[in-house]
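final.csv follows; it contains CSV, C-alpha atoms.
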chain,number,residue,atom,x,y,z
A,27,MET,CA,39.3,8.9,98.6
A,28,GLN,CA,39.8,10.7,101.8
A,29,THR,CA,36.9,13.0,102.7
A,30,SER,CA,37.3,16.6,103.9
A,31,VAL,CA,37.5,17.6,107.6
A,32,GLN,CA,34.8,19.8,109.0
A,33,LEU,CA,35.8,23.1,110.7
A,34,PRO,CA,34.2,24.8,113.7
A,35,THR,CA,33.1,28.4,113.4
A,36,ASP,CA,35.2,29.4,116.4
A,37,PRO,CA,36.6,32.9,115.5
A,38,ALA,CA,39.9,32.0,117.2
A,39,VAL,CA,40.4,29.1,114.8
A,40,GLN,CA,39.5,31.3,111.9
A,41,TYR,CA,42.1,33.9,113.0
A,42,LEU,CA,44.8,31.3,113.3
A,43,LEU,CA,44.0,29.8,109.9
A,44,ARG,CA,44.3,33.3,108.3
A,45,ILE,CA,47.9,33.3,109.5
A,46,GLY,CA,48.8,29.7,109.1
A,47,ASP,CA,47.2,29.5,105.6
A,48,THR,CA,49.1,32.5,104.4
A,49,CYS,CA,52.4,30.8,105.4
A,50,LEU,CA,51.2,27.5,103.9
A,51,ILE,CA,50.0,28.8,100.5
A,52,LEU,CA,52.9,31.3,100.0
A,53,GLY,CA,55.3,28.6,101.0
A,54,GLN,CA,53.8,26.3,98.4
A,55,ARG,CA,54.0,29.0,95.7
A,56,LEU,CA,57.7,29.7,96.5
A,57,GLY,CA,58.4,26.0,96.4
A,58,GLU,CA,57.4,26.2,92.7
A,59,TRP,CA,60.6,28.1,92.0
A,60,CYS,CA,62.7,25.0,93.0
A,61,GLY,CA,64.8,24.3,89.9
A,62,HIS,CA,63.4,27.4,88.1
A,63,ALA,CA,65.0,30.5,89.8
A,64,PRO,CA,67.2,32.7,87.6
A,65,ILE,CA,70.4,31.5,89.3
A,66,ILE,CA,71.1,28.5,91.6
A,67,GLU,CA,72.0,30.7,94.6
A,68,GLU,CA,68.6,32.4,94.4
A,69,ASP,CA,66.9,29.0,93.8
A,70,ILE,CA,68.3,27.9,97.2
A,71,ALA,CA,67.4,31.2,98.8
A,72,LEU,CA,63.7,31.1,97.7
A,73,THR,CA,63.3,27.5,98.8
A,74,ASN,CA,64.9,28.4,102.2
A,75,VAL,CA,62.2,31.0,102.6
A,76,ALA,CA,59.5,28.5,101.5
A,77,LEU,CA,60.7,26.0,104.1
A,78,ASP,CA,60.7,28.7,106.8
A,79,LEU,CA,57.1,29.5,105.9
A,80,ILE,CA,56.0,25.8,105.9
A,81,GLY,CA,57.6,25.5,109.3
A,82,GLN,CA,55.6,28.5,110.5
A,83,ALA,CA,52.4,27.0,109.0
A,84,ARG,CA,53.0,23.8,110.9
A,85,GLY,CA,53.2,25.6,114.2
A,86,VAL,CA,50.1,27.7,113.7
A,87,LEU,CA,48.0,25.0,112.1
A,88,THR,CA,48.8,22.6,114.9
A,89,LEU,CA,47.6,25.3,117.3
A,90,ALA,CA,44.4,25.8,115.3
A,91,GLY,CA,43.8,22.0,115.2
A,92,GLN,CA,44.0,21.8,119.0
A,93,ARG,CA,41.1,24.2,119.2
A,94,CYS,CA,38.9,22.1,117.0
A,95,ALA,CA,36.6,19.4,118.3
A,96,PRO,CA,37.4,16.7,117.6
A,97,ALA,CA,41.0,17.8,117.4
A,98,LEU,CA,42.7,17.9,114.0
A,99,ASP,CA,46.4,17.6,113.3
A,100,GLU,CA,48.5,19.8,111.0
A,101,ASP,CA,48.3,17.4,108.1
A,102,GLN,CA,44.5,17.2,108.2
A,103,LEU,CA,44.3,20.9,108.2
A,104,ALA,CA,46.9,21.5,105.5
A,105,PHE,CA,45.6,18.8,103.1
A,106,LEU,CA,42.1,17.8,103.9
A,107,ARG,CA,40.1,21.0,103.9
A,108,ASP,CA,37.7,22.2,101.2
A,109,GLU,CA,38.7,25.3,99.4
A,110,ARG,CA,36.2,27.5,101.3
A,111,ASP,CA,37.8,26.5,104.6
A,112,TYR,CA,41.2,28.0,103.6
A,113,ARG,CA,41.5,31.5,105.1
A,114,ASN,CA,44.6,33.0,103.5
A,115,PRO,CA,44.2,36.4,102.0
A,116,THR,CA,43.9,36.0,98.2
A,117,ILE,CA,47.3,37.7,97.5
A,118,ALA,CA,49.1,34.6,98.8
A,119,GLU,CA,47.5,32.2,96.3
A,120,LEU,CA,48.1,34.2,93.1
A,121,PRO,CA,50.3,32.3,90.6
A,122,ARG,CA,54.0,32.9,91.1
A,123,GLY,CA,54.3,35.1,88.0
A,124,ASP,CA,57.7,36.2,87.0
A,125,PHE,CA,60.6,36.9,89.4
A,126,ALA,CA,59.6,40.5,89.9
A,127,PHE,CA,56.1,39.5,90.9
A,128,THR,CA,57.5,36.9,93.3
A,129,VAL,CA,60.0,39.2,95.0
A,130,LEU,CA,57.5,42.1,95.3
A,131,ARG,CA,54.8,39.8,96.8
A,132,ASN,CA,57.5,38.4,99.2
A,133,ALA,CA,58.4,42.0,100.2
A,134,MET,CA,54.7,42.8,100.8
A,135,LEU,CA,53.8,39.6,102.7
A,136,SER,CA,57.0,39.3,104.7
A,137,THR,CA,56.6,42.9,105.8
A,138,TRP,CA,53.0,42.0,106.8
A,139,LEU,CA,54.1,38.8,108.6
A,140,LYS,CA,57.0,40.5,110.3
A,141,LEU,CA,54.7,43.2,111.8
A,142,LEU,CA,52.2,40.5,112.7
A,143,TRP,CA,54.7,38.3,114.5
A,144,GLU,CA,56.0,41.3,116.4
A,145,ARG,CA,52.6,41.9,117.8
A,146,LEU,CA,51.9,38.2,118.3
A,147,ARG,CA,54.8,37.9,120.7
A,148,ASP,CA,52.4,39.6,123.2
A,149,SER,CA,49.6,37.2,122.4
A,150,GLY,CA,47.6,35.8,125.4
A,151,ASP,CA,48.2,32.4,124.0
A,152,ALA,CA,51.7,31.3,125.2
A,153,GLU,CA,52.2,28.9,122.3
A,154,LEU,CA,51.4,31.4,119.7
A,155,SER,CA,53.7,33.9,121.4
A,156,GLY,CA,56.4,31.3,121.3
A,157,ILE,CA,55.9,30.6,117.6
A,158,ALA,CA,55.9,34.3,116.9
A,159,GLY,CA,59.3,34.8,118.6
A,160,LYS,CA,60.9,32.2,116.4
A,161,ALA,CA,59.1,33.2,113.2
A,162,LEU,CA,60.0,36.9,113.7
A,163,LYS,CA,63.7,36.2,113.1
A,164,GLU,CA,62.9,34.4,109.9
A,165,ALA,CA,60.5,37.1,108.7
A,166,ARG,CA,63.1,39.8,109.2
A,167,TYR,CA,65.5,38.0,106.9
A,168,HIS,CA,62.7,37.3,104.3
A,169,GLN,CA,61.8,41.0,104.3
A,170,GLN,CA,65.4,42.1,103.8
A,171,HIS,CA,66.1,39.6,101.1
A,172,ALA,CA,62.9,40.5,99.1
A,173,ALA,CA,63.3,44.3,99.7
A,174,ASP,CA,66.8,44.2,98.3
A,175,TRP,CA,65.6,42.5,95.2
A,176,VAL,CA,62.8,45.0,94.8
A,177,VAL,CA,65.3,47.8,94.9
A,178,ARG,CA,67.7,46.1,92.5
A,179,LEU,CA,64.9,45.5,90.0
A,180,GLY,CA,63.5,48.9,90.4
A,181,ASP,CA,66.9,50.5,89.9
A,182,GLY,CA,68.2,48.0,87.4
A,183,THR,CA,67.6,47.9,83.7
A,184,GLU,CA,64.7,49.2,81.6
A,185,GLU,CA,63.4,45.6,81.5
A,186,SER,CA,63.6,45.0,85.2
A,187,ARG,CA,61.9,48.3,85.9
A,188,ARG,CA,59.1,47.5,83.5
A,189,ARG,CA,58.6,44.2,85.2
A,190,ILE,CA,58.6,45.5,88.8
A,191,GLU,CA,56.1,48.2,87.8
A,192,ALA,CA,53.9,45.6,86.2
A,193,ALA,CA,54.1,43.4,89.3
A,194,MET,CA,53.0,46.4,91.4
A,195,ALA,CA,50.0,47.0,89.2
A,196,GLN,CA,49.0,43.4,89.5
A,197,LEU,CA,49.5,43.0,93.2
A,198,TRP,CA,48.3,46.2,94.6
A,199,PRO,CA,44.5,45.6,94.3
A,200,TYR,CA,45.0,42.6,96.6
A,201,VAL,CA,46.8,44.5,99.4
A,202,ALA,CA,43.7,46.1,100.9
A,203,GLU,CA,42.3,42.8,102.1
A,204,LEU,CA,45.3,42.3,104.4
A,205,PHE,CA,44.0,45.1,106.6
A,206,ASP,CA,40.2,44.4,106.5
A,207,ASP,CA,38.6,44.0,109.9
A,208,ASP,CA,35.6,41.8,110.7
A,209,ALA,CA,34.1,39.8,113.6
A,210,VAL,CA,37.0,37.4,113.5
A,211,GLU,CA,39.6,40.2,113.9
A,212,ALA,CA,37.5,41.9,116.6
A,213,ALA,CA,37.2,38.7,118.6
A,214,ALA,CA,41.0,38.1,118.4
A,215,GLU,CA,41.6,41.6,119.7
A,216,ALA,CA,39.0,41.3,122.5
A,217,SER,CA,40.4,37.9,123.7
A,218,GLY,CA,44.0,39.0,123.5
A,219,LEU,CA,44.8,36.4,120.9
A,220,GLY,CA,46.3,38.9,118.5
A,221,PRO,CA,46.0,42.3,116.9
A,222,PRO,CA,43.2,43.2,114.5
A,223,ALA,CA,44.2,43.4,110.8
A,224,SER,CA,43.6,47.1,110.5
A,225,SER,CA,46.2,47.9,113.2
A,226,LEU,CA,49.0,46.7,110.9
A,227,ARG,CA,48.0,49.0,108.0
A,228,GLU,CA,49.9,52.2,109.0
A,229,PRO,CA,53.2,50.5,110.0
A,230,TRP,CA,53.0,48.3,106.8
A,231,LEU,CA,52.5,51.4,104.6
A,232,ALA,CA,55.4,53.1,106.4
A,233,GLU,CA,57.8,50.2,105.9
A,234,MET,CA,56.8,49.7,102.3
A,235,ALA,CA,57.1,53.4,101.6
A,236,GLU,CA,60.7,53.1,102.8
A,237,ILE,CA,61.5,50.2,100.5
A,238,LEU,CA,59.7,51.6,97.4
A,239,GLY,CA,60.9,55.1,98.1
A,240,GLU,CA,64.5,54.0,97.5
A,241,VAL,CA,63.6,53.4,93.8
A,242,HIS,CA,60.8,55.9,93.5
A,243,LEU,CA,58.2,53.2,92.9
A,244,PRO,CA,54.8,54.7,93.7
A,245,MET,CA,52.0,52.9,95.4
A,246,PRO,CA,49.0,52.9,93.1
A,247,LYS,CA,45.7,54.3,94.2
A,248,GLN,CA,43.3,51.9,95.9
A,249,GLY,CA,40.4,50.9,93.6
A,250,ASN,CA,37.0,49.4,94.4
A,251,PHE,CA,38.1,45.8,94.0
A,252,ARG,CA,38.2,43.8,97.2
A,253,SER,CA,39.6,40.3,97.4
A,254,THR,CA,37.9,37.9,100.0
A,255,GLY,CA,40.3,35.0,100.6
A,256,LYS,CA,40.2,35.6,104.4
A,257,GLN,CA,36.4,34.8,104.2
A,258,GLY,CA,37.2,31.6,102.3
A,259,VAL,CA,36.1,33.0,98.9
A,260,HIS,CA,39.1,32.6,96.8
A,261,SER,CA,40.4,33.4,93.3
A,262,GLU,CA,40.1,30.9,90.5
A,263,HIS,CA,43.8,29.9,91.1
A,264,MET,CA,43.1,28.4,94.5
A,265,GLY,CA,41.5,25.2,93.3
A,266,TYR,CA,44.6,24.3,91.2
A,267,ILE,CA,47.1,24.8,93.9
A,268,LEU,CA,45.0,22.8,96.4
A,269,ALA,CA,44.6,20.0,93.8
A,270,GLU,CA,48.4,19.8,93.6
A,271,MET,CA,48.8,19.9,97.4
A,272,GLN,CA,46.1,17.6,98.3
A,273,PHE,CA,46.4,14.8,95.7
A,274,LEU,CA,48.7,12.5,97.7
A,275,GLN,CA,46.7,12.8,101.0
A,276,ARG,CA,43.4,12.3,99.2
A,277,ALA,CA,44.7,9.3,97.2
A,278,TYR,CA,46.8,7.7,99.9
A,279,PRO,CA,45.1,8.7,103.2
A,280,GLY,CA,47.6,9.1,106.1
A,281,GLY,CA,50.6,8.6,103.7
A,282,ALA,CA,53.8,9.8,105.3
A,283,TRP,CA,57.5,10.0,104.5
B,30,MET,CA,84.5,40.8,70.1
B,31,ASN,CA,82.6,42.0,73.1
B,32,THR,CA,84.6,41.1,76.1
B,33,THR,CA,82.3,42.6,78.7
B,34,SER,CA,81.2,40.0,81.2
B,35,HIS,CA,77.5,39.5,81.6
B,36,GLU,CA,78.1,37.0,84.4
B,37,TRP,CA,78.0,38.2,88.0
B,38,PRO,CA,81.4,38.1,89.6
B,39,LEU,CA,82.6,35.1,91.6
B,40,TRP,CA,83.0,35.3,95.4
B,41,GLU,CA,84.8,32.9,97.7
B,42,VAL,CA,82.9,32.1,100.9
B,43,PHE,CA,84.5,31.6,104.3
B,44,VAL,CA,82.4,30.3,107.2
B,45,ARG,CA,83.1,30.3,110.9
B,46,THR,CA,81.3,27.5,112.7
B,47,LYS,CA,81.4,29.1,116.1
B,48,ALA,CA,83.1,31.9,118.0
B,49,GLY,CA,86.7,31.3,118.7
B,50,LEU,CA,87.3,29.2,115.6
B,51,ASP,CA,88.7,30.6,112.4
B,52,HIS,CA,86.8,31.2,109.2
B,53,LYS,CA,87.3,28.3,106.8
B,54,HIS,CA,86.9,28.4,103.0
B,55,CYS,CA,83.9,26.4,102.0
B,56,GLY,CA,83.1,27.2,98.4
B,57,SER,CA,82.2,30.0,96.0
B,58,LEU,CA,79.1,31.6,94.5
B,59,HIS,CA,78.0,34.2,92.0
B,60,ALA,CA,76.6,37.5,93.2
B,61,ALA,CA,76.1,41.0,91.9
B,62,ASP,CA,77.4,43.0,94.9
B,63,PRO,CA,78.8,42.5,98.4
B,64,LYS,CA,75.5,42.6,100.1
B,65,MET,CA,74.0,40.0,97.8
B,66,ALA,CA,77.1,37.8,98.2
B,67,VAL,CA,76.8,37.8,102.0
B,68,GLN,CA,73.1,36.9,101.8
B,69,MET,CA,73.7,34.2,99.2
B,70,ALA,CA,76.6,32.8,101.3
B,71,ARG,CA,74.2,32.6,104.3
B,72,ASP,CA,71.5,30.8,102.1
B,73,VAL,CA,73.8,28.4,100.3
B,74,TYR,CA,76.4,27.5,102.9
B,75,THR,CA,74.8,27.8,106.4
B,76,ARG,CA,71.5,26.0,105.9
B,77,ARG,CA,72.4,23.2,108.2
B,78,SER,CA,73.6,25.4,111.1
B,79,GLU,CA,77.1,25.4,109.8
B,80,GLY,CA,77.9,28.9,110.7
B,81,SER,CA,77.8,31.9,113.1
B,82,SER,CA,79.7,34.2,110.8
B,83,VAL,CA,80.4,34.4,107.0
B,84,TRP,CA,83.1,36.3,105.0
B,85,VAL,CA,83.0,36.8,101.3
B,86,VAL,CA,85.8,38.0,99.1
B,87,ARG,CA,85.8,38.6,95.4
B,88,SER,CA,87.7,35.7,93.8
B,89,ASP,CA,89.6,38.0,91.5
B,90,GLN,CA,91.0,39.7,94.6
B,91,ILE,CA,92.8,36.6,95.8
B,92,VAL,CA,96.5,36.3,94.9
B,93,ALA,CA,97.4,32.7,94.5
B,94,SER,CA,100.7,30.8,94.0
B,95,ASP,CA,101.4,29.7,90.4
B,96,PRO,CA,100.9,25.9,89.9
B,97,GLY,CA,104.0,26.1,87.7
B,98,ASP,CA,106.0,27.1,90.8
B,99,LYS,CA,104.9,24.0,92.8
B,100,ASP,CA,108.2,22.2,92.6
B,101,MET,CA,110.2,25.3,93.6
B,102,PHE,CA,107.8,26.4,96.3
B,103,PHE,CA,106.8,23.2,98.0
B,104,ASP,CA,109.1,20.3,97.3
B,105,PRO,CA,112.1,21.6,99.2
B,106,ALA,CA,110.1,21.2,102.5
B,107,GLU,CA,109.6,17.5,101.9
B,108,ASP,CA,113.0,16.3,103.2
B,109,LYS,CA,113.1,18.6,106.2
B,110,VAL,CA,111.5,16.3,108.8
B,111,TYR,CA,113.3,18.1,111.6
B,112,ARG,CA,110.9,20.9,111.2
B,113,HIS,CA,108.2,18.7,112.7
B,114,PRO,CA,108.2,18.7,116.4
B,115,THR,CA,108.1,14.9,116.5
B,116,PHE,CA,111.7,14.4,117.9
B,117,TYR,CA,111.0,15.9,121.2
B,118,LYS,CA,110.4,13.6,124.1
B,119,LEU,CA,107.4,14.8,126.1
B,120,PRO,CA,107.2,14.5,129.8
B,121,ASP,CA,104.6,12.0,131.0
B,122,ALA,CA,102.6,14.8,132.6
B,123,VAL,CA,101.9,16.3,129.1
B,124,ASP,CA,99.6,13.7,127.7
B,125,HIS,CA,97.8,13.7,124.4
B,126,MET,CA,99.7,16.5,122.8
Can you dump the structure from the file as structure tokens?
Amino acid sequence: MQTSVQLPTDPAVQYLLRIGDTCLILGQRLGEWCGHAPIIEEDIALTNVALDLIGQARGVLTLAGQRCAPALDEDQLAFLRDERDYRNPTIAELPRGDFAFTVLRNAMLSTWLKLLWERLRDSGDAELSGIAGKALKEARYHQQHAADWVVRLGDGTEESRRRIEAAMAQLWPYVAELFDDDAVEAAAEASGLGPPASSLREPWLAEMAEILGEVHLPMPKQGNFRSTGKQGVHSEHMGYILAEMQFLQRAYPGGAW
Amino acid sequence: MNTTSHEWPLWEVFVRTKAGLDHKHCGSLHAADPKMAVQMARDVYTRRSEGSSVWVVRSDQIVASDPGDKDMFFDPAEDKVYRHPTFYKLPDAVDHM
């Protein structure tokens, strides 16, 4: 049995993991649609998005691993961390739900990632800036694809409307965490690594309002619940997805294609 | 009997590999509207860098020749070899034509 890797407390590593883990975990969730999407064309589209996200995760995790001592590679970071050392916001790990839940979460997270990549093009870290330039093109398409579906379902049948409204009610409580600032975000801003989370809030709300406004889907009021995935404190769903992802590397250390 | 179709319409997909070449038919897919059809075409048919442009057209908008007319339409061309430019002698300077 392969033991877990240890992570440094370096805020830059934490910041990179928040981005890389969002891509990694959402990519894994979307991969679950392989063979299950409502039509084959959408099956391929969703897994294309999943593979784009895994590609982005590879780049960012590699970068995070270089900042660890001793250095860790992308596979060690992706597959050999304990649950508490994953830093994705909780929204990314929620079970895939129905198709409405999946496309609404994709719209929310691809909008968030798109805005983040836009800002990260100006990162003081040249490699991160390079990754952002490439990822931005992918995120733009992900956003458009997901937003189109949100509009179709919101403006579709009674059933599709009911489902997209239910998805909104389920997802909305997890949105606030995306824009929570803390010492990690402050350090990233101070060092020029990337923007603090809170700075993406207004542009995100504006873009989401445009998508949701097309079908008069209101944004719910923010309650008191606050998810804490970015701090490593995850929902009960995280352990299961990690078990599935980590089994092979734990049972067959260093196993490769 | 209810004859309303609950299937999304079929679309034919044409992909251009690079600027200057023509769009080639590469397959078909189901999509609810033109915008979705273009996105699906991108996702299904250009995953391995096959394209720089895609066209989609509703399959029911294509007018095709009748297979029953095959003899009448195409067989008469078979014995007209003189229509091929193979009888011309090319000057040596024009190589590999």
Output as a Markdown table one row per residue of chain B within 9 Å of chain A: the closest atom pair and its distance in Å to one decimal place, counting only C-alpha atoms, sorted by chain and residue number ascending.
| residue | atom | partner | partner_atom | distance |
| --- | --- | --- | --- | --- |
| B:Leu58 | CA | A:Glu67 | CA | 7.2 |
| B:His59 | CA | A:Glu67 | CA | 7.4 |
| B:Ala60 | CA | A:Glu67 | CA | 8.3 |
| B:Met65 | CA | A:Asp174 | CA | 8.4 |
| B:Gln68 | CA | A:His171 | CA | 7.5 |
| B:Met69 | CA | A:Glu67 | CA | 6.0 |
| B:Ala70 | CA | A:Glu67 | CA | 8.4 |
| B:Arg71 | CA | A:Ala71 | CA | 8.9 |
| B:Asp72 | CA | A:Ala71 | CA | 5.3 |
| B:Val73 | CA | A:Ile70 | CA | 6.3 |
| B:Arg76 | CA | A:Asn74 | CA | 7.9 |
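CA of Leu106 in chain A to CA of Glu164 in chain A spans 27.3 Å [interatomic distance, one decimal].
What separates CA of Cys49 in chain A from CA of Lys247 in chain A is a distance of 26.9 Å.
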Q: With all atoms listed in the file counted, which protein, DNA or RNA residues have an atom no more than 9 Å from (41.5, 21.3, 99.7) in the file frame? Please answer as a list in words.
A: Ser30, Leu103, Ala104, Phe105, Leu106, Arg107, Asp108, Glu109, Arg110, Asp111, Tyr112, Met264, Gly265, Ile267, Leu268, Ala269, Met271 and Gln272 of chain A
Spatial neighbours of Phe251 in chain A, 9 Å, all atoms listed in the file, chain gap at least 5 places, as a tab-separated table (two decimals) with C-alpha atoms, keeping the file's coordinate frame:
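The new file result-v8.tsv reads:
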chain	number	residue	atom	x	y	z
A	199	PRO	CA	44.50	45.60	94.30
A	200	TYR	CA	45.00	42.60	96.60
A	202	ALA	CA	43.70	46.10	100.90
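Distance check against Pro279 in chain A using all atoms listed in the file: of A:Gln102, A:Gln54, A:Thr254, A:Asn114, the minimum falls on A:Gln102.
Of the listed residues B:Lys118, B:Arg112, B:Lys99, B:Arg87, the one whose atoms come nearest to Leu39 in chain B is B:Arg87, with distances taken using all atoms listed in the file.
As for CA of Leu226 in chain A and CA of Gly46 in chain A, they are spaced 17.1 Å apart.
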